[in-house]
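Everything below belongs to structure-v1.cif, which stores mmCIF, C-alpha atoms and all ligand atoms.
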```cif
data_input
#
loop_
_atom_site.label_atom_id
_atom_site.label_comp_id
_atom_site.auth_asym_id
_atom_site.auth_seq_id
_atom_site.Cartn_x
_atom_site.Cartn_y
_atom_site.Cartn_z
CA MET A 156 0.00 0.00 0.00
CA ASN A 157 1.46 3.32 -0.93
CA GLY A 158 -0.99 5.96 0.09
CA LYS A 159 -3.37 5.77 -2.91
CA GLY A 160 -6.26 5.50 -0.51
CA GLY A 161 -5.47 2.17 1.13
CA GLU A 162 -3.59 3.13 4.31
CA ARG A 163 -5.27 6.45 5.09
CA VAL A 164 -8.38 6.96 7.16
CA GLN A 165 -11.08 5.77 4.77
CA PRO A 166 -13.00 8.78 3.37
CA TYR A 167 -16.02 6.61 2.49
CA GLU A 168 -17.32 3.28 3.72
CA GLU A 169 -17.56 1.67 0.32
CA VAL A 170 -16.09 2.31 -3.10
CA GLU A 171 -18.70 3.33 -5.68
CA ASN A 172 -18.34 1.59 -9.04
CA TRP A 173 -20.92 3.47 -11.05
CA PRO A 174 -20.91 7.17 -12.02
CA PRO A 175 -23.81 9.62 -11.86
CA TYR A 176 -25.55 10.77 -15.06
CA THR A 177 -26.16 7.50 -16.76
CA TYR A 178 -28.89 6.32 -19.04
CA ARG A 179 -30.72 4.89 -16.06
CA GLU A 180 -31.93 8.30 -15.01
CA TYR A 181 -32.93 9.79 -18.37
CA PRO A 182 -36.57 10.76 -19.01
CA GLU A 183 -38.66 9.12 -21.72
CA VAL A 184 -38.70 10.74 -25.13
CA THR A 185 -41.53 13.28 -25.69
CA VAL A 186 -42.76 15.33 -28.63
CA GLU A 187 -41.17 18.42 -27.07
CA ASN A 188 -37.74 17.05 -26.22
CA ILE A 189 -37.30 15.24 -29.56
CA ARG A 190 -38.27 18.45 -31.37
CA ALA A 191 -35.68 20.38 -29.35
CA PHE A 192 -33.10 17.72 -30.26
CA THR A 193 -33.85 17.78 -34.00
CA ASP A 194 -33.79 21.61 -33.93
CA PHE A 195 -30.39 21.40 -32.26
CA LEU A 196 -29.14 19.09 -35.04
CA LYS A 197 -29.96 21.85 -37.53
CA THR A 198 -27.35 24.11 -35.91
CA GLU A 199 -23.59 24.11 -36.60
CA ASN A 200 -21.13 22.49 -34.23
CA ASP A 201 -18.89 25.34 -33.04
CA VAL A 202 -17.40 23.54 -30.00
CA GLY A 203 -14.11 22.95 -31.81
CA LEU A 204 -13.33 19.57 -30.21
CA LYS A 205 -12.90 16.21 -31.90
CA MET A 206 -15.57 13.60 -31.23
CA GLU A 207 -16.02 9.85 -31.08
CA LEU A 208 -18.29 8.00 -33.50
CA GLN A 209 -19.58 4.83 -31.89
CA PRO A 210 -21.89 2.51 -33.85
CA TRP A 211 -23.07 -0.42 -31.74
CA ILE A 212 -23.55 -3.93 -33.03
CA SER A 213 -25.75 -5.07 -30.19
CA PHE A 214 -25.42 -8.84 -30.62
CA CYS A 215 -23.42 -11.56 -28.89
CA ASP A 216 -23.32 -15.29 -29.50
CA SER A 217 -23.62 -16.03 -25.79
CA LYS A 218 -24.54 -14.09 -22.66
CA CYS A 219 -21.93 -13.53 -19.97
CA THR A 220 -23.76 -13.92 -16.67
CA PHE A 221 -22.77 -10.50 -15.28
CA CYS A 222 -23.62 -8.51 -18.42
CA TYR A 223 -26.24 -5.74 -18.21
CA PHE A 224 -25.86 -4.47 -21.78
CA PRO A 225 -28.99 -4.60 -23.97
CA ASN A 226 -27.49 -7.08 -26.42
CA GLU A 227 -29.32 -9.93 -28.08
CA THR A 228 -28.64 -13.41 -29.30
CA PHE A 229 -26.90 -13.40 -32.62
CA SER A 230 -28.48 -14.75 -35.80
CA LYS A 231 -27.15 -14.14 -39.31
CA GLU A 232 -30.59 -13.19 -40.58
CA ILE A 233 -31.28 -10.43 -38.08
CA LEU A 234 -27.69 -9.17 -38.13
CA GLY A 235 -27.94 -8.44 -41.86
CA ARG A 236 -31.15 -6.44 -41.43
CA TYR A 237 -29.76 -4.73 -38.34
CA LEU A 238 -26.63 -3.51 -40.12
CA GLY A 239 -28.83 -2.00 -42.85
CA ALA A 240 -30.83 -0.12 -40.19
CA LEU A 241 -27.65 0.96 -38.42
CA LYS A 242 -26.31 2.51 -41.61
CA LYS A 243 -29.66 4.24 -42.16
CA GLU A 244 -29.54 5.74 -38.65
CA LEU A 245 -25.93 6.85 -39.19
CA LYS A 246 -26.94 8.47 -42.48
CA MET A 247 -29.79 10.38 -40.77
CA TYR A 248 -27.27 11.95 -38.42
CA ALA A 249 -24.67 12.43 -41.17
CA GLU A 250 -27.12 14.58 -43.13
CA THR A 251 -27.67 17.07 -40.29
CA PRO A 252 -25.78 20.40 -40.20
CA TYR A 253 -24.51 19.62 -36.69
CA ILE A 254 -22.80 16.40 -37.73
CA GLN A 255 -21.67 17.80 -41.08
CA SER A 256 -19.75 20.45 -39.11
CA SER A 257 -18.32 17.88 -36.63
CA PHE A 258 -14.97 16.08 -36.84
CA PHE A 259 -14.33 12.59 -35.51
CA ASP A 260 -10.94 11.29 -34.49
CA GLU A 261 -12.20 7.96 -33.14
CA VAL A 262 -14.42 5.35 -34.75
CA VAL A 263 -15.38 2.65 -32.31
CA LEU A 264 -17.47 -0.39 -33.21
CA GLY A 265 -18.97 -1.35 -29.86
CA GLY A 266 -22.01 -3.13 -28.53
CA GLY A 267 -22.38 -6.10 -28.03
CA SER A 268 -19.70 -8.04 -29.80
CA PRO A 269 -19.02 -6.63 -33.27
CA SER A 270 -16.76 -9.67 -33.70
CA VAL A 271 -19.88 -11.77 -34.46
CA SER A 272 -19.95 -9.98 -37.86
CA SER A 273 -18.13 -11.25 -40.93
CA PRO A 274 -14.93 -9.57 -42.17
CA HIS A 275 -16.92 -8.07 -45.03
CA GLN A 276 -19.60 -6.66 -42.68
CA LEU A 277 -16.97 -5.07 -40.42
CA VAL A 278 -15.16 -3.39 -43.28
CA ASP A 279 -18.42 -2.34 -44.94
CA LEU A 280 -19.53 -0.55 -41.75
CA LEU A 281 -16.15 1.10 -41.20
CA SER A 282 -16.06 2.22 -44.84
CA PHE A 283 -19.58 3.61 -44.50
CA CYS A 284 -18.40 5.73 -41.56
CA GLN A 285 -15.41 6.92 -43.56
CA GLU A 286 -17.58 7.91 -46.53
CA ASN A 287 -20.28 9.71 -44.56
CA PHE A 288 -18.48 11.46 -41.68
CA ASN A 289 -15.56 13.86 -41.38
CA LEU A 290 -12.90 11.54 -40.00
CA THR A 291 -9.59 13.19 -39.15
CA GLU A 292 -6.43 12.08 -40.92
CA ASP A 293 -5.12 10.60 -37.70
CA VAL A 294 -8.33 8.75 -36.80
CA MET A 295 -8.18 5.89 -34.27
CA VAL A 296 -10.08 2.75 -35.21
CA LYS A 297 -11.31 0.46 -32.45
CA VAL A 298 -13.35 -2.71 -32.70
CA ALA A 299 -14.66 -4.58 -29.68
CA GLY A 300 -15.40 -8.26 -29.37
CA CYS A 301 -14.75 -11.67 -27.88
CA THR A 302 -11.57 -13.70 -28.03
CA HIS A 303 -13.44 -16.79 -29.28
CA ASN A 304 -14.80 -15.24 -32.48
CA PHE A 305 -12.12 -12.73 -33.51
CA ASN A 306 -10.44 -14.92 -36.12
CA ILE A 307 -7.44 -13.95 -38.24
CA GLU A 308 -9.60 -13.02 -41.28
CA LYS A 309 -11.55 -10.44 -39.24
CA LEU A 310 -8.39 -9.02 -37.68
CA MET A 311 -6.68 -8.78 -41.09
CA ALA A 312 -9.72 -7.07 -42.61
CA ILE A 313 -9.74 -4.42 -39.84
CA SER A 314 -5.98 -3.98 -40.08
CA ASN A 315 -6.12 -3.51 -43.87
CA PHE A 316 -8.93 -0.97 -43.58
CA ALA A 317 -7.03 0.99 -40.93
CA ARG A 318 -3.86 0.98 -43.03
CA LYS A 319 -5.81 2.21 -46.07
CA VAL A 320 -7.24 5.21 -44.17
CA GLY A 321 -3.90 5.92 -42.44
CA ALA A 322 -5.26 5.36 -38.92
CA ARG A 323 -3.02 6.63 -36.10
CA CYS A 324 -3.60 3.33 -34.35
CA THR A 325 -5.99 0.42 -34.47
CA GLN A 326 -7.19 -1.22 -31.33
CA ILE A 327 -8.99 -4.46 -30.67
CA ASP A 328 -10.96 -4.34 -27.41
CA LEU A 329 -11.32 -7.82 -25.98
CA GLY A 330 -13.59 -8.92 -23.13
CA VAL A 331 -11.23 -11.30 -21.33
CA GLN A 332 -12.43 -10.65 -17.73
CA THR A 333 -10.12 -13.28 -16.18
CA PHE A 334 -7.58 -15.91 -17.23
CA ASP A 335 -8.89 -18.32 -14.61
CA ASP A 336 -10.67 -21.12 -16.50
CA LYS A 337 -12.92 -22.08 -13.60
CA ILE A 338 -14.23 -18.54 -13.20
CA ARG A 339 -14.49 -18.04 -16.97
CA LYS A 340 -16.76 -21.07 -17.15
CA MET A 341 -18.83 -19.84 -14.23
CA LEU A 342 -19.36 -16.49 -16.02
CA ASN A 343 -20.36 -18.31 -19.24
CA ILE A 344 -17.35 -17.09 -21.18
CA LEU A 345 -17.10 -19.55 -24.03
CA ASP A 346 -13.39 -20.11 -24.59
CA SER A 347 -10.44 -21.04 -22.39
CA ALA A 348 -7.74 -18.73 -21.06
CA ASP A 349 -5.29 -20.34 -23.51
CA GLN A 350 -7.57 -19.53 -26.42
CA ALA A 351 -7.95 -15.94 -25.19
CA ALA A 352 -4.16 -15.60 -24.94
CA LYS A 353 -3.77 -16.93 -28.51
CA THR A 354 -6.16 -14.27 -29.85
CA ILE A 355 -4.30 -11.52 -27.97
CA LYS A 356 -1.02 -12.73 -29.48
CA LYS A 357 -2.55 -12.70 -32.99
CA VAL A 358 -3.78 -9.13 -32.49
CA ARG A 359 -0.38 -7.90 -31.37
CA LYS A 360 1.47 -9.82 -34.08
CA LEU A 361 -0.52 -7.87 -36.69
CA GLY A 362 0.70 -4.62 -35.09
CA LEU A 363 -2.73 -3.80 -33.63
CA TYR A 364 -3.18 -2.65 -30.05
CA ALA A 365 -4.78 -5.18 -27.72
CA CYS A 366 -6.83 -3.62 -24.94
CA ILE A 367 -8.50 -6.13 -22.66
CA ASP A 368 -11.22 -5.97 -20.04
CA LEU A 369 -10.25 -7.59 -16.75
CA MET A 370 -12.68 -7.73 -13.86
CA TYR A 371 -11.80 -8.11 -10.22
CA ASN A 372 -13.70 -9.21 -7.13
CA LEU A 373 -15.36 -11.95 -9.17
CA PRO A 374 -17.28 -14.71 -7.36
CA GLY A 375 -14.81 -16.96 -5.58
CA GLU A 376 -11.80 -14.95 -6.78
CA THR A 377 -8.79 -14.90 -4.47
CA LEU A 378 -5.90 -12.45 -4.36
CA ASP A 379 -3.77 -15.13 -5.92
CA VAL A 380 -6.09 -15.40 -8.95
CA LEU A 381 -6.08 -11.61 -9.26
CA ARG A 382 -2.27 -11.47 -9.22
CA LYS A 383 -2.07 -14.16 -11.89
CA ASP A 384 -4.56 -12.25 -14.06
CA VAL A 385 -2.58 -9.02 -13.87
CA GLU A 386 0.71 -10.87 -14.43
CA LYS A 387 -0.70 -12.68 -17.45
CA ALA A 388 -2.02 -9.46 -19.02
CA MET A 389 1.39 -7.81 -18.64
CA GLU A 390 3.25 -10.90 -19.83
CA LEU A 391 1.15 -10.81 -23.03
CA GLY A 392 2.21 -7.18 -23.45
CA VAL A 393 -1.32 -5.80 -23.92
CA GLU A 394 -1.35 -2.07 -24.55
CA GLY A 395 -4.16 -1.42 -22.10
CA VAL A 396 -6.27 -3.11 -19.44
CA ASP A 397 -9.75 -1.84 -18.60
CA PHE A 398 -9.87 -2.95 -15.00
CA TYR A 399 -13.35 -3.07 -13.47
CA GLY A 400 -14.63 -4.06 -10.05
CA LEU A 401 -17.59 -6.40 -10.57
CA ASP A 402 -20.95 -4.85 -9.80
CA ILE A 403 -23.78 -7.35 -9.70
CA HIS A 404 -26.58 -5.73 -11.64
CA PRO A 405 -30.26 -6.46 -10.98
CA GLU A 406 -31.92 -8.96 -13.30
CA THR A 407 -28.66 -10.45 -14.55
CA PRO A 408 -28.21 -14.26 -14.46
CA LEU A 409 -25.32 -13.72 -12.05
CA GLU A 410 -27.57 -11.95 -9.57
CA LYS A 411 -29.92 -14.94 -9.52
CA GLN A 412 -27.05 -17.42 -9.24
CA VAL A 413 -25.49 -15.59 -6.29
CA LYS A 414 -28.88 -15.28 -4.56
CA SER A 415 -29.60 -18.98 -4.99
CA GLY A 416 -26.12 -19.96 -3.78
CA LYS A 417 -25.25 -21.57 -7.12
CA VAL A 418 -22.10 -19.47 -7.33
CA PRO A 419 -20.10 -18.06 -4.41
CA PRO A 420 -20.65 -14.44 -3.33
CA ILE A 421 -18.23 -11.69 -4.31
CA GLY A 422 -15.72 -10.33 -1.78
CA ASP A 423 -16.68 -7.57 0.65
CA SER A 424 -15.72 -3.94 0.30
CA ASP A 425 -12.34 -4.45 2.05
CA MET A 426 -11.42 -7.26 -0.32
CA GLU A 427 -12.46 -5.16 -3.30
CA LYS A 428 -10.21 -2.28 -2.19
CA LYS A 429 -7.34 -4.64 -1.46
CA MET A 430 -7.58 -6.13 -4.94
CA TYR A 431 -7.64 -2.73 -6.59
CA MET A 432 -4.66 -1.46 -4.60
CA GLU A 433 -2.63 -4.56 -5.23
CA ALA A 434 -3.33 -4.50 -8.97
CA TYR A 435 -2.59 -0.76 -9.07
CA GLU A 436 0.89 -1.37 -7.68
CA MET A 437 1.53 -4.27 -10.04
CA PHE A 438 0.47 -2.26 -13.08
CA GLU A 439 2.55 0.71 -12.00
CA LYS A 440 5.63 -1.47 -11.56
CA GLY A 441 4.98 -2.97 -14.98
CA GLY A 442 4.96 0.47 -16.65
CA TYR A 443 1.17 0.85 -16.93
CA LYS A 444 -0.37 4.13 -15.82
CA PRO A 445 -3.99 4.91 -14.88
CA ALA A 446 -5.94 6.47 -17.76
CA GLY A 447 -9.60 7.23 -18.39
CA HIS A 448 -12.25 5.82 -16.11
CA SER A 449 -10.81 2.37 -15.46
CA ARG A 450 -7.78 1.77 -17.65
CA PHE A 451 -4.14 1.00 -17.03
CA SER A 452 -2.18 1.78 -20.15
CA LYS A 453 1.28 1.90 -21.59
CA VAL A 454 0.54 3.78 -24.83
CA LYS A 455 0.29 7.54 -25.26
CA GLU A 456 -2.95 7.50 -27.29
CA HIS A 457 -4.95 6.43 -24.23
CA PHE A 458 -4.09 9.66 -22.45
CA THR A 459 -5.48 11.98 -25.12
CA GLU A 460 -8.56 10.08 -26.34
CA SER A 461 -11.36 12.47 -27.25
CA CYS A 462 -13.92 10.32 -25.41
CA CYS A 463 -12.13 11.27 -22.16
CA ALA A 464 -10.27 14.50 -22.89
CA GLY A 465 -13.38 16.03 -24.49
CA TRP A 466 -15.94 14.91 -21.90
CA PRO A 467 -18.50 16.45 -21.56
CA TRP A 468 -17.79 19.33 -23.92
CA ALA A 469 -17.12 17.47 -27.18
CA GLY A 470 -20.10 15.15 -27.72
CA GLN A 471 -20.20 11.52 -28.80
CA LEU A 472 -22.37 10.15 -31.56
CA THR A 473 -23.51 6.67 -30.53
CA THR A 474 -25.93 4.69 -32.66
CA GLY A 475 -27.55 1.27 -32.71
CA SER A 476 -30.13 -0.69 -30.81
CA GLY A 477 -30.15 0.04 -27.06
CA CYS A 478 -27.04 2.26 -27.18
CA PHE A 479 -26.77 4.46 -24.11
CA MET A 480 -23.62 6.52 -24.27
CA GLY A 481 -24.57 9.11 -26.88
CA TYR A 482 -24.58 12.81 -26.06
CA LEU A 483 -24.57 15.88 -28.29
CA GLY A 484 -24.58 19.38 -26.80
CA ARG A 485 -27.10 19.45 -23.94
CA PHE A 486 -28.77 16.23 -25.12
CA SER A 487 -28.04 12.70 -23.89
CA TYR A 488 -29.98 9.81 -25.35
CA VAL A 489 -30.67 6.10 -25.19
CA ASN A 490 -31.86 4.20 -28.24
CA ILE A 491 -34.79 1.84 -28.61
CA ALA A 492 -34.22 -1.90 -28.08
CA PRO A 493 -34.70 -4.74 -28.94
CA ALA A 494 -33.26 -4.85 -32.44
CA LYS A 495 -36.59 -5.61 -34.17
CA ALA A 496 -38.25 -2.52 -32.66
CA TYR A 497 -35.16 -0.46 -33.51
CA ILE A 498 -35.21 -1.66 -37.13
CA ASP A 499 -38.94 -0.80 -37.45
CA VAL A 500 -38.51 2.76 -36.16
CA VAL A 501 -35.48 3.45 -38.34
CA ALA A 502 -37.39 2.12 -41.37
CA LYS A 503 -39.97 4.89 -40.77
CA GLY A 504 -37.20 7.51 -40.99
CA ALA A 505 -37.38 8.53 -37.30
CA PHE A 506 -34.49 8.83 -34.85
CA PRO A 507 -34.77 5.60 -32.80
CA ILE A 508 -34.55 7.31 -29.41
CA ALA A 509 -36.27 5.90 -26.32
CA LYS A 510 -34.94 8.21 -23.59
CA LEU A 511 -33.72 11.75 -23.98
CA SER A 512 -32.34 14.18 -21.44
CA VAL A 513 -32.07 17.93 -22.00
CA ASP A 514 -29.53 19.13 -19.47
CA SER A 515 -30.18 22.17 -17.30
CA LYS A 516 -27.29 24.51 -16.46
CA GLN A 517 -26.96 22.71 -13.11
CA ASP A 518 -26.76 19.35 -14.90
CA GLN A 519 -24.11 20.70 -17.24
CA MET A 520 -22.01 22.04 -14.37
CA ARG A 521 -22.28 18.72 -12.56
CA LYS A 522 -21.30 16.82 -15.67
CA VAL A 523 -18.19 18.96 -16.09
CA MET A 524 -17.20 18.00 -12.53
CA THR A 525 -17.54 14.33 -13.48
CA ARG A 526 -14.35 14.78 -15.52
CA LEU A 527 -12.66 13.84 -12.25
CA TYR A 528 -13.79 10.21 -12.46
CA ILE A 529 -12.13 9.83 -15.83
CA ARG A 530 -8.95 11.27 -14.29
CA GLN A 531 -9.21 14.52 -16.24
CA PRO A 532 -8.75 17.93 -14.65
CA VAL A 533 -11.53 20.52 -14.54
CA ASP A 534 -10.32 23.75 -16.15
CA ARG A 535 -11.50 26.49 -13.71
CA LEU A 536 -11.31 29.31 -16.25
CA LYS A 537 -13.21 27.42 -18.93
CA PHE A 538 -15.85 26.57 -16.32
CA LYS A 539 -16.19 30.25 -15.36
CA GLU A 540 -16.34 31.32 -19.00
CA GLU A 541 -19.14 28.83 -19.69
CA PHE A 542 -21.22 29.13 -16.52
CA GLY A 543 -20.32 32.56 -15.08
CA LEU A 544 -18.85 31.21 -11.84
CA PHE A 545 -15.88 29.13 -10.68
CA PRO A 546 -16.42 25.49 -9.67
CA GLU A 547 -15.73 26.32 -6.02
CA GLU A 548 -18.50 28.95 -6.20
CA ALA A 549 -20.90 26.48 -7.80
CA PHE A 550 -20.05 23.63 -5.39
CA PRO A 551 -18.47 25.27 -2.31
CA LYS A 552 -19.34 22.55 0.22
CA ALA A 553 -18.36 19.58 -1.96
CA ILE A 554 -15.00 21.06 -2.96
CA LYS A 555 -14.18 22.08 0.62
CA ARG A 556 -15.03 18.57 1.85
CA LEU A 557 -12.99 16.85 -0.87
CA LYS A 558 -10.00 19.14 -0.30
CA SER A 559 -10.07 18.51 3.43
CA LYS A 560 -10.11 14.76 2.78
CA GLY A 561 -7.11 15.15 0.47
CA LEU A 562 -9.00 13.74 -2.50
CA VAL A 563 -8.76 16.72 -4.86
CA GLU A 564 -6.36 19.63 -5.24
CA VAL A 565 -7.12 23.07 -6.62
CA ASP A 566 -4.75 25.62 -8.13
CA ASP A 567 -5.26 28.76 -10.23
CA ARG A 568 -5.79 26.74 -13.37
CA GLU A 569 -7.58 23.54 -12.52
CA ILE A 570 -9.11 21.05 -10.09
CA ARG A 571 -7.75 17.51 -10.26
CA LEU A 572 -7.74 14.23 -8.38
CA THR A 573 -4.92 13.61 -5.93
CA GLU A 574 -3.20 10.24 -5.88
CA ALA A 575 -5.28 9.37 -2.80
CA GLY A 576 -8.42 10.32 -4.72
CA ASP A 577 -7.88 7.78 -7.49
CA LEU A 578 -9.52 4.84 -5.69
CA TRP A 579 -12.50 7.04 -4.70
CA ARG A 580 -13.09 8.79 -8.00
CA TYR A 581 -16.72 7.61 -8.40
CA ASN A 582 -17.53 8.58 -4.81
CA ILE A 583 -15.95 11.97 -5.50
CA VAL A 584 -18.11 12.78 -8.50
CA TRP A 585 -21.26 11.71 -6.64
CA GLU A 586 -20.47 14.53 -4.17
CA PHE A 587 -21.32 17.06 -6.90
CA CYS A 588 -24.42 15.26 -8.09
CA ARG A 589 -26.14 14.54 -4.79
CA SER A 590 -26.00 18.12 -3.50
S1 LIG B 1 -19.47 -10.52 -24.75
FE1 LIG B 1 -19.49 -8.49 -23.78
S2 LIG B 1 -21.41 -7.56 -24.44
FE2 LIG B 1 -21.57 -9.77 -24.89
S3 LIG B 1 -22.57 -10.68 -23.09
FE3 LIG B 1 -20.36 -10.80 -22.73
S4 LIG B 1 -19.83 -8.91 -21.60
FE4 LIG B 1 -21.87 -8.61 -22.52
#
```
Written as structure tokens, how would this file's structure read?
Ligand code: SF4
Amino acid sequence: MNGKGGERVQPYEEVENWPPYTYREYPEVTVENIRAFTDFLKTENDVGLKMELQPWISFCDSKCTFCYFPNETFSKEILGRYLGALKKELKMYAETPYIQSSFFDEVVLGGGSPSVSSPHQLVDLLSFCQENFNLTEDVMVKVAGCTHNFNIEKLMAISNFARKVGARCTQIDLGVQTFDDKIRKMLNILDSADQAAKTIKKVRKLGLYACIDLMYNLPGETLDVLRKDVEKAMELGVEGVDFYGLDIHPETPLEKQVKSGKVPPIGDSDMEKKMYMEAYEMFEKGGYKPAGHSRFSKVKEHFTESCCAGWPWAGQLTTGSGCFMGYLGRFSYVNIAPAKAYIDVVAKGAFPIAKLSVDSKQDQMRKVMTRLYIRQPVDRLKFKEEFGLFPEEAFPKAIKRLKSKGLVEVDDREIRLTEAGDLWRYNIVWEFCRS
């Protein structure tokens, strides 16, 4: 333990794993708010920041027991129709003045597992994005998926596309979660740790970045398993690890299994902190630094990604069935799911939005403070210019409390997390959103 929150007096009883301002709280779409949104799309984007374009392929060929994403079982027939609807939705946005005056330096195929698609489908969708949106010359291309269905043909197709457009880097995001075969099986992850390692090696051999999800505090996981997971990730040389504490979400198969005693419970809050701190030290010693909301990384691109650096000023265009990370200006939205309903609405030429939030000034100020959970500073002067007051005038009690706990520091220019604040970054941003 080296003072990153582990050995000090604990500022909170439990570590929060979920940030405020998520799709869960957005209001339903109404005639008024959708009209305000479409009027907004008729304006020009004068923010001057690069954005992320994130089409979701909301299908998987199995369901991991912990997963709360709105993905569906994969079938070739529905995937074909879905991709047609996805392109139609993308085109609807691409034809608006707001998006025509926007520039994207990241294209991310997310979901779901885009790796269920064929090589041709992946390249077709990426090419569609290239043809219809202003991608920057140094665009980053990222494609997410599972280790069991990312074969060499798909990886080569993505790599060739990225080379053709001169991408600054190409990243394959892989949901590994753990290299422990017993736990993988329990979570319904289809392949073995050896198979996952083989896919990671293939990705890196092609010169692509491998960024893997690892989860900690899994049912029955010991510190020894955690250490082996972190060691294995570093031994494979992955460029980044998205390192998440497991949250058991309501209505997931895992919740039912834990309740019924079919799988062991997860560790308590002390165990969770211990695992995080131990992994933090291991990553640091291995040359990986904390980046974004949950990543440990050894490549420079992860420290300047527009999805983090630009939050919440830049905007992110997310499309596809059930997607819930899109936001443009004051609007944050969640799309309709399941896929069949999404396809029907898109076919009628309407934006397939189910929930839509129009942020108030207070919401916007709070969202700017949530930069802290993605380890980004809050620029005090920019805040004042935008909202007419400094953050410590908008949130005097919260900032005083966090400073006194040693979790944030403030200077003339900015407010940022301290090293001790890193572990508590979700708790910290809730301080601004509960007051
Ligand atoms: S592969 Fe990813 S998106 Fe699909 S069920 Fe598993 S965790 Fe969820």
What separates CA of Ala549 in chain A and CA of Tyr482 in chain A is a distance of 23.1 Å
**Item:** Selection within 7 Å of ligand LIG 1 (chain B) by all atoms listed in the file, output as a ChimeraX atom specification
**Value:** /A:214-215,217-219,222-224,226,266-268,300-301,330
Using only C-alpha atoms, the shortest atom-to-atom distance to Glu574 in chain A among A:Met432, A:Glu406, A:Leu511, A:Met370 belongs to A:Met432
_If we count all atoms listed in the file and set the cut-off at 10 Å, which residues sit around Leu562 in chain A, ignoring sequence neighbours fewer than 2 positions away in its own chain? Please answer as JSON, numbers by chain._
{"A": [159, 160, 166, 554, 556, 557, 558, 559, 560, 564, 571, 572, 573, 574, 575, 576, 577, 578, 579, 580, 583]}
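Shortest atom-to-atom contact with Ile327 in chain A among A:Thr198, A:Gln412, A:Thr177, A:Thr354: A:Thr354, counting only C-alpha atoms.
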### Query
Nearest to Val489 in chain A among A:Trp468, A:Tyr176, A:Tyr181, A:Tyr167, with distances taken over only C-alpha atoms: which residue is it?
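Answer, going by the shortest atom-to-atom distance: A:Tyr181.
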Taking 5 positions as the minimum chain separation for residues in the same chain, which residues sit within 12 Å of Glu548 in chain A when counting all atoms listed in the file? Answer as number ranges by chain.
A: 520, 535, 538-539, 542-543, 553-555
Query - Who sits within 10 Å of Arg359 in chain A, all atoms listed in the file, same chain under 4 positions skipped, as a PyMOL selection string - result: chain A and resi 326-327+354-355+363-365+391-394
### Query
What is the CA of Lys231 in chain A-CA of Met295 in chain A distance in Å, reported with one decimal?
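Distance reported for this atom pair: 28.0 Å.
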Shortest contact to Phe259 in chain A, candidates A:Met206, A:Val271, A:Met311, A:Ile338, atoms counted only C-alpha atoms, goes to A:Met206
| said: Quick one: residues within 9 Å of Gln209 in chain A, all atoms listed in the file, excluding same-chain residues fewer than 4 positions away - as JSON, numbers by chain? | reply: {"A": [261, 262, 263, 264, 265, 266, 471, 472, 473, 474, 475, 480, 481]}
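Between Leu196 in chain A and the candidates A:Lys340, A:Arg485, A:Lys455, A:Lys309, the tightest atom-to-atom separation, counting all atoms listed in the file, involves A:Arg485.
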One decimal place gives the CA of Asp514 in chain A-CA of Val563 in chain A separation as 25.5 Å
Could you give me, as a ChimeraX atom specification, the residues within 10 Å of range 413-417 of chain A, counting all atoms listed in the file and dropping anything in the same chain fewer than 6 positions from it?
-> /A:341,374,403
Put those residues in a file: C-alpha atoms, as a compact mmCIF listing (two decimals), keeping the file's coordinate frame.
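As written to disk, out_6.txt reads:
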```
# COMPACT_ATOMS: atom_id res chain seq x y z
CA MET A 341 -18.83 -19.84 -14.23
CA PRO A 374 -17.28 -14.71 -7.36
CA ILE A 403 -23.78 -7.35 -9.70
```
Subject >> Pick from A:Pro269, A:Gly395, A:Gly465, A:Gly362 nearest to Phe438 in chain A, counting only C-alpha atoms >> reply: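 The answer is A:Gly395, which sits nearest to Phe438 in chain A.
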Subject >> Neighbour residues at most 10 Å from (4.5, 3.3, -15.9) (all atoms listed in the file) as an MDAnalysis selection string >> reply: chainID A and resid 438:445 451:454
Where atoms are missing, can you supply N, CA and C atoms for range 476-483 of chain A and output the lot as a PDB file, in the frame of the given file?
```
ATOM      1  N   SER A 476     -29.082  -0.255 -31.720  1.00  0.00           N
ATOM      2  CA  SER A 476     -30.130  -0.690 -30.810  1.00  0.00           C
ATOM      3  C   SER A 476     -29.657  -0.651 -29.351  1.00  0.00           C
ATOM      4  N   GLY A 477     -30.434   0.022 -28.509  1.00  0.00           N
ATOM      5  CA  GLY A 477     -30.150   0.040 -27.060  1.00  0.00           C
ATOM      6  C   GLY A 477     -28.935   0.845 -26.643  1.00  0.00           C
ATOM      7  N   CYS A 478     -28.280   1.552 -27.576  1.00  0.00           N
ATOM      8  CA  CYS A 478     -27.040   2.260 -27.180  1.00  0.00           C
ATOM      9  C   CYS A 478     -27.379   3.320 -26.140  1.00  0.00           C
ATOM     10  N   PHE A 479     -26.447   3.521 -25.201  1.00  0.00           N
ATOM     11  CA  PHE A 479     -26.770   4.460 -24.110  1.00  0.00           C
ATOM     12  C   PHE A 479     -25.631   5.391 -23.733  1.00  0.00           C
ATOM     13  N   MET A 480     -24.710   5.614 -24.638  1.00  0.00           N
ATOM     14  CA  MET A 480     -23.620   6.520 -24.270  1.00  0.00           C
ATOM     15  C   MET A 480     -23.567   7.767 -25.135  1.00  0.00           C
ATOM     16  N   GLY A 481     -24.616   7.975 -25.968  1.00  0.00           N
ATOM     17  CA  GLY A 481     -24.570   9.110 -26.880  1.00  0.00           C
ATOM     18  C   GLY A 481     -24.924  10.416 -26.179  1.00  0.00           C
ATOM     19  N   TYR A 482     -24.198  11.463 -26.524  1.00  0.00           N
ATOM     20  CA  TYR A 482     -24.580  12.810 -26.060  1.00  0.00           C
ATOM     21  C   TYR A 482     -24.074  13.826 -27.068  1.00  0.00           C
ATOM     22  N   LEU A 483     -24.916  14.811 -27.350  1.00  0.00           N
ATOM     23  CA  LEU A 483     -24.570  15.880 -28.290  1.00  0.00           C
ATOM     24  C   LEU A 483     -25.068  17.177 -27.672  1.00  0.00           C
TER      25      LEU A 483
END
```
